[in-house]
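Colleague: My structure file data_11.cif, mmCIF, C-alpha atoms and all ligand atoms, is below:
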data_structure
#
loop_
_atom_site.label_atom_id
_atom_site.label_comp_id
_atom_site.auth_asym_id
_atom_site.auth_seq_id
_atom_site.Cartn_x
_atom_site.Cartn_y
_atom_site.Cartn_z
CA MET A 26 40.30 104.01 -12.68
CA PRO A 27 43.83 105.44 -12.54
CA PRO A 28 46.90 103.46 -11.54
CA LEU A 29 46.97 102.84 -7.83
CA ARG A 30 49.16 105.19 -5.85
CA GLN A 31 51.59 104.22 -3.15
CA ARG A 32 50.23 104.35 0.38
CA ASP A 33 51.23 107.58 2.07
CA PRO A 34 51.73 107.03 5.82
CA ALA A 35 52.11 110.79 6.33
CA VAL A 36 48.61 111.39 4.95
CA GLN A 37 47.17 108.58 7.01
CA SER A 38 48.73 109.74 10.26
CA LYS A 39 47.45 113.28 9.56
CA LEU A 40 43.97 111.83 9.24
CA GLY A 41 44.42 109.83 12.40
CA ILE A 42 44.00 106.59 10.51
CA SER A 43 45.98 103.42 10.11
CA GLU A 44 45.87 100.76 7.45
CA ARG A 45 46.23 97.00 7.33
CA PRO A 46 49.37 95.85 5.52
CA GLY A 47 48.85 93.99 2.26
CA ALA A 48 49.89 93.87 -1.38
CA LEU A 49 48.40 96.41 -3.75
CA PRO A 50 46.13 94.78 -6.35
CA ALA A 51 46.81 95.20 -10.05
CA PRO A 52 45.18 98.32 -11.58
CA ARG A 53 41.85 97.75 -13.39
CA PRO A 54 41.75 98.55 -17.09
CA ALA A 55 40.53 102.11 -17.72
CA ARG A 56 36.92 102.59 -18.86
CA SER A 57 36.64 103.88 -22.41
CA LYS A 58 37.38 107.52 -23.19
CA GLU A 59 34.36 107.66 -25.52
CA ALA A 60 31.99 106.53 -22.74
CA ALA A 61 33.45 109.14 -20.38
CA ALA A 62 33.04 111.90 -22.98
CA ALA A 63 29.41 110.92 -23.62
CA LYS A 64 28.65 110.96 -19.90
CA ALA A 65 30.37 114.33 -19.47
CA GLU A 66 28.13 115.76 -22.18
CA GLN A 67 24.97 114.27 -20.61
CA LEU A 68 25.92 115.76 -17.24
CA ARG A 69 26.66 119.14 -18.86
CA VAL A 70 23.23 119.16 -20.52
CA LEU A 71 21.48 118.23 -17.26
CA ASP A 72 23.30 121.04 -15.46
CA GLU A 73 22.88 123.70 -18.16
CA THR A 74 19.28 123.01 -19.13
CA ARG A 75 17.68 121.93 -15.84
CA VAL A 76 19.74 122.50 -12.70
CA LYS A 77 21.19 125.98 -13.30
CA GLY A 78 17.81 127.60 -13.82
CA CYS A 79 15.89 125.46 -11.33
CA VAL A 80 13.05 127.23 -9.47
CA GLN A 81 11.46 124.09 -7.97
CA CYS A 82 11.85 125.35 -4.39
CA SER A 83 12.40 128.62 -2.55
CA LEU A 84 16.18 128.08 -2.25
CA CYS A 85 16.42 129.55 -5.76
CA LYS A 86 15.66 132.94 -4.19
CA THR A 87 18.57 132.87 -1.73
CA ARG A 88 21.29 130.99 -3.63
CA THR A 89 24.18 132.75 -5.34
CA GLN A 90 24.34 129.90 -7.84
CA THR A 91 23.54 126.20 -8.10
CA VAL A 92 26.22 123.62 -7.24
CA PHE A 93 25.90 120.65 -9.59
CA GLY A 94 28.89 118.66 -8.32
CA GLN A 95 32.12 117.83 -10.08
CA GLY A 96 34.65 115.14 -10.83
CA ASN A 97 35.00 112.17 -13.14
CA PRO A 98 31.79 111.69 -15.21
CA ASP A 99 32.65 107.98 -15.45
CA ALA A 100 33.60 107.57 -11.78
CA ARG A 101 33.46 104.19 -10.08
CA LEU A 102 32.89 105.96 -6.77
CA VAL A 103 30.48 108.83 -6.04
CA PHE A 104 30.36 110.78 -2.77
CA VAL A 105 27.03 112.38 -1.89
CA GLY A 106 26.82 115.10 0.75
CA GLU A 107 24.00 117.21 2.06
CA ALA A 108 23.96 120.67 0.48
CA PRO A 109 26.35 123.43 -0.56
CA GLY A 110 27.67 125.64 2.23
CA PHE A 111 28.91 129.24 2.16
CA GLU A 112 32.06 128.64 0.06
CA GLU A 113 30.34 126.20 -2.27
CA ASP A 114 27.51 128.67 -2.95
CA LYS A 115 30.07 131.41 -3.67
CA GLN A 116 32.24 129.33 -5.99
CA GLY A 117 29.72 126.91 -7.51
CA LEU A 118 31.74 123.81 -6.54
CA ALA A 119 30.86 121.01 -4.10
CA PHE A 120 32.92 120.38 -0.97
CA ILE A 121 35.57 123.07 -1.26
CA GLY A 122 35.31 124.56 2.26
CA PRO A 123 36.88 123.08 5.42
CA ALA A 124 34.75 119.90 5.23
CA GLY A 125 35.75 119.54 1.60
CA GLN A 126 39.42 119.76 2.51
CA LEU A 127 38.99 116.88 4.92
CA LEU A 128 37.09 114.96 2.23
CA SER A 129 40.06 115.51 -0.11
CA ARG A 130 42.38 113.99 2.49
CA MET A 131 40.04 111.02 2.91
CA ILE A 132 40.06 110.48 -0.86
CA VAL A 133 43.87 110.62 -1.01
CA ALA A 134 44.03 108.10 1.83
CA MET A 135 41.96 105.81 -0.41
CA HIS A 136 44.71 106.06 -3.07
CA LEU A 137 42.51 108.27 -5.25
CA THR A 138 42.25 111.93 -6.17
CA ARG A 139 39.22 114.18 -6.43
CA ASP A 140 39.49 113.86 -10.22
CA ASP A 141 38.98 110.10 -9.99
CA VAL A 142 35.66 110.33 -8.14
CA PHE A 143 32.46 112.39 -8.51
CA ILE A 144 31.38 114.61 -5.60
CA CYS A 145 27.90 116.07 -5.29
CA ASN A 146 25.07 116.78 -2.87
CA ILE A 147 21.42 115.94 -2.34
CA LEU A 148 20.55 119.65 -2.66
CA LYS A 149 22.01 121.75 -5.44
CA CYS A 150 21.35 125.05 -3.62
CA ARG A 151 22.56 126.31 -0.26
CA PRO A 152 19.94 126.47 2.50
CA PRO A 153 20.17 129.87 4.25
CA ASN A 154 22.59 129.79 7.21
CA ASN A 155 23.38 126.15 6.34
CA ARG A 156 20.18 124.95 8.01
CA ASP A 157 19.14 121.32 7.48
CA PRO A 158 17.42 120.63 4.15
CA SER A 159 13.64 120.39 4.46
CA ALA A 160 11.73 117.30 3.31
CA ASP A 161 10.17 119.34 0.48
CA GLU A 162 13.54 120.60 -0.72
CA ILE A 163 14.92 117.07 -0.73
CA LEU A 164 11.89 115.85 -2.65
CA SER A 165 12.20 118.53 -5.34
CA CYS A 166 15.96 118.20 -5.72
CA SER A 167 16.50 114.42 -5.52
CA PRO A 168 15.49 113.75 -9.16
CA TYR A 169 18.61 115.66 -10.27
CA LEU A 170 20.79 113.44 -8.11
CA MET A 171 19.07 110.32 -9.43
CA GLU A 172 19.74 111.47 -12.99
CA GLN A 173 23.37 112.15 -12.15
CA LEU A 174 23.72 108.64 -10.75
CA ALA A 175 21.97 107.10 -13.76
CA ILE A 176 24.42 108.86 -16.11
CA ILE A 177 27.61 108.17 -14.12
CA GLY A 178 26.73 104.57 -13.23
CA PRO A 179 29.06 104.27 -10.22
CA GLU A 180 30.01 100.93 -8.72
CA VAL A 181 29.80 102.28 -5.18
CA LEU A 182 28.18 105.26 -3.44
CA VAL A 183 29.38 106.83 -0.20
CA THR A 184 26.85 109.03 1.55
CA LEU A 185 28.28 111.62 3.90
CA GLY A 186 26.11 112.24 6.94
CA ALA A 187 22.54 111.54 7.93
CA PRO A 188 20.49 113.53 5.39
CA ALA A 189 22.23 111.97 2.36
CA SER A 190 22.20 108.48 3.87
CA LYS A 191 18.56 108.60 4.95
CA THR A 192 17.44 110.07 1.63
CA LEU A 193 19.21 107.55 -0.56
CA LEU A 194 18.24 104.60 1.62
CA ASN A 195 14.72 105.85 2.25
CA THR A 196 15.04 105.19 5.96
CA THR A 197 14.76 107.05 9.26
CA ALA A 198 17.54 105.00 10.93
CA SER A 199 20.37 107.02 12.45
CA ILE A 200 23.75 107.35 10.74
CA GLY A 201 25.33 105.58 13.73
CA LYS A 202 23.15 102.54 12.99
CA LEU A 203 23.54 102.69 9.22
CA ARG A 204 27.32 103.13 8.88
CA GLY A 205 29.80 100.27 8.87
CA ARG A 206 28.17 98.07 6.23
CA PHE A 207 26.94 98.22 2.66
CA HIS A 208 23.28 98.80 1.86
CA ASP A 209 21.45 98.54 -1.47
CA CYS A 210 20.48 101.90 -2.94
CA TYR A 211 17.69 101.71 -5.49
CA PRO A 212 17.85 104.75 -7.79
CA SER A 213 14.25 103.92 -8.84
CA GLY A 214 13.25 105.01 -5.31
CA ILE A 215 11.47 101.68 -4.73
CA ALA A 216 13.25 98.94 -2.78
CA GLY A 217 13.76 95.86 -4.93
CA GLN A 218 12.81 97.66 -8.17
CA GLY A 219 15.48 97.97 -10.85
CA PRO A 220 19.22 97.72 -10.38
CA SER A 221 20.77 98.66 -7.06
CA ILE A 222 24.08 100.33 -6.20
CA PRO A 223 26.07 99.31 -3.09
CA LEU A 224 26.01 102.27 -0.71
CA MET A 225 28.25 102.88 2.30
CA PRO A 226 26.90 105.49 4.72
CA THR A 227 29.50 107.27 6.82
CA TYR A 228 29.93 110.37 8.93
CA HIS A 229 29.95 113.79 7.30
CA PRO A 230 33.42 115.41 7.23
CA ALA A 231 31.98 118.53 8.94
CA TYR A 232 30.96 116.28 11.85
CA LEU A 233 34.42 114.69 11.85
CA LEU A 234 35.99 118.14 12.14
CA ARG A 235 33.90 118.68 15.29
CA SER A 236 34.39 115.11 16.57
CA PRO A 237 37.84 113.96 15.42
CA GLY A 238 37.58 110.89 17.65
CA GLU A 239 35.07 109.47 15.14
CA LYS A 240 37.50 109.64 12.20
CA ARG A 241 38.63 106.10 12.85
CA LYS A 242 35.10 104.78 12.22
CA THR A 243 34.88 106.62 8.92
CA TRP A 244 38.27 105.24 7.92
CA GLU A 245 36.94 101.74 8.66
CA ASP A 246 33.96 102.48 6.39
CA LEU A 247 36.24 103.76 3.62
CA GLN A 248 38.46 100.70 3.89
CA LEU A 249 35.40 98.53 3.18
CA VAL A 250 34.80 100.68 0.10
CA MET A 251 38.44 100.25 -0.95
CA ASP A 252 38.08 96.48 -0.59
CA ARG A 253 34.95 96.53 -2.73
CA LEU A 254 36.71 98.52 -5.45
CA GLY A 255 39.94 96.51 -5.25
CA LEU A 256 41.92 99.54 -4.12
CA ARG A 257 44.03 97.74 -1.55
N1 LIG A 301 28.77 120.10 3.11
C1 LIG A 301 28.08 119.38 2.21
O1 LIG A 301 27.29 118.52 2.56
N2 LIG A 301 28.29 119.63 0.92
C2 LIG A 301 29.15 120.53 0.49
O2 LIG A 301 29.30 120.69 -0.73
C3 LIG A 301 29.87 121.27 1.47
C4 LIG A 301 29.66 121.04 2.77
#
Would you mind writing the file's structure down as structure tokens?

Modeller:
Amino acid sequence: MPPLRQRDPAVQSKLGISERPGALPAPRPARSKEAAAAKAEQLRVLDETRVKGCVQCSLCKTRTQTVFGQGNPDARLVFVGEAPGFEEDKQGLAFIGPAGQLLSRMIVAMHLTRDDVFICNILKCRPPNNRDPSADEILSCSPYLMEQLAIIGPEVLVTLGAPASKTLLNTTASIGKLRGRFHDCYPSGIAGQGPSIPLMPTYHPAYLLRSPGEKRKTWEDLQLVMDRLGLR
């Protein structure tokens, strides 16, 4: 984890968020460079040998390219969205369109940068016309996400929007009901089996662009994440 940055009131007011006053905690010691390099290599192999050539579902016929996700291979915090959109499919990077720009501002407000965290999606290929992912597509693609999480070993997950939250929590509850508190995510896929990762569901930045009045709730969710990670 990098040194903590100063709070930036300009960023926070742009986001329509405010923050409780309080002393910044001491920075955590960095994780080892060797561990990060090993994880980067494992992620590269997963991407090159499995994800890039994936033909598990029909999205392989319409994609320009797969979008594996990017960021710190040893991240303490991983954001999981739904699926690549138009820009992401064109450039091969997750969350780089308008929703991604808002996500970047949210990350900065958390005293982090995009290079500190890992950002990826449930689906690695764009559904035509950005339609919702189908249950079959989620089923075929989720193993890649689970492997990414097993390699990175984050301390906290943030799921952006309903599809990511429902998939990782194996629930049909609405995002409005799920957000606002931590849940246990079991990468094994079976509740109670194996280690769990604390998961905070929140609204998708694309939804926040359409409903800016909800940004405050997402900022509340992210503040809980910051508390958990000792970022404020
Ligand atoms: N929306 C997502 O869920 N993921 C992206 O990468 C871009 C937009």

Colleague: Could you report the residues within 9 Å of ligand LIG 301 (chain A), using only C-alpha atoms and all ligand atoms, as a PyMOL selection string?

Modeller: chain A and resi 92+94+105-114+118-125+144-149+151+155+185-186+188-189+229-231

Colleague: How many Å separate CA of Cys166 in chain A from CA of Thr74 in chain A?

Modeller: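 About the pair CA of Cys166 in chain A and CA of Thr74 in chain A: they are 14.6 Å apart.
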
Colleague: Excluding same-chain residues fewer than 6 positions from Gly219 in chain A, what lies within 12 Å of it counting all atoms listed in the file, as a PyMOL selection string?

Modeller: chain A and resi 175+209-213

Colleague: I'd like to know which of A:Thr89, A:Gln218, A:Ser167, A:Gln173 is closest to Asp72 in chain A, using all atoms listed in the file.

Modeller: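 The answer is A:Gln173, which sits nearest to Asp72 in chain A.
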
Colleague: Which of these residues is nearest to Gly96 in chain A, using all atoms listed in the file: A:Lys242, A:Lys64, A:Lys58, A:Arg253?

Modeller: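 Closest residue, counting all atoms listed in the file: A:Lys64.
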
Colleague: Do you have the CA of Leu170 in chain A-CA of Thr184 in chain A distance handy?

Modeller: 12.2 Å

Colleague: Calculate how many Å separate CA of Thr197 in chain A from CA of Cys82 in chain A, rounding to one decimal.

Modeller: 23.0 Å

Colleague: So, with all atoms listed in the file as the atoms that count, which of A:Lys240, A:Leu102, A:Thr196, A:Gln126 lies closest to Met225 in chain A?

Modeller: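 Closest to Met225 in chain A of all the choices is A:Leu102.
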
Colleague: Kindly indicate which residue among A:Ala216, A:Leu182, A:Leu164, A:Met171 lies nearest to Val142 in chain A, using only C-alpha atoms for the distances.

Modeller: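 Checking each of A:Ala216, A:Leu182, A:Leu164, A:Met171 against Val142 in chain A, counting only C-alpha atoms, the winner is A:Leu182.
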
Colleague: Using only the atoms of range 204-216 of chain A listed in the file, plus 8 Å on each side, state the axis-aligned box centre and edge lengths in Å rounded to one decimal, as JSON.

Modeller:
{"center_x": 20.6, "center_y": 101.5, "center_z": 0.0, "size_x": 34.3, "size_y": 22.9, "size_z": 33.7}

Colleague: Could you check which of A:Pro220, A:Leu84, A:Lys191, A:Pro226 is closest to Leu174 in chain A, using all atoms listed in the file?

Modeller: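 Among the listed residues, the smallest separation from Leu174 in chain A belongs to A:Pro220.
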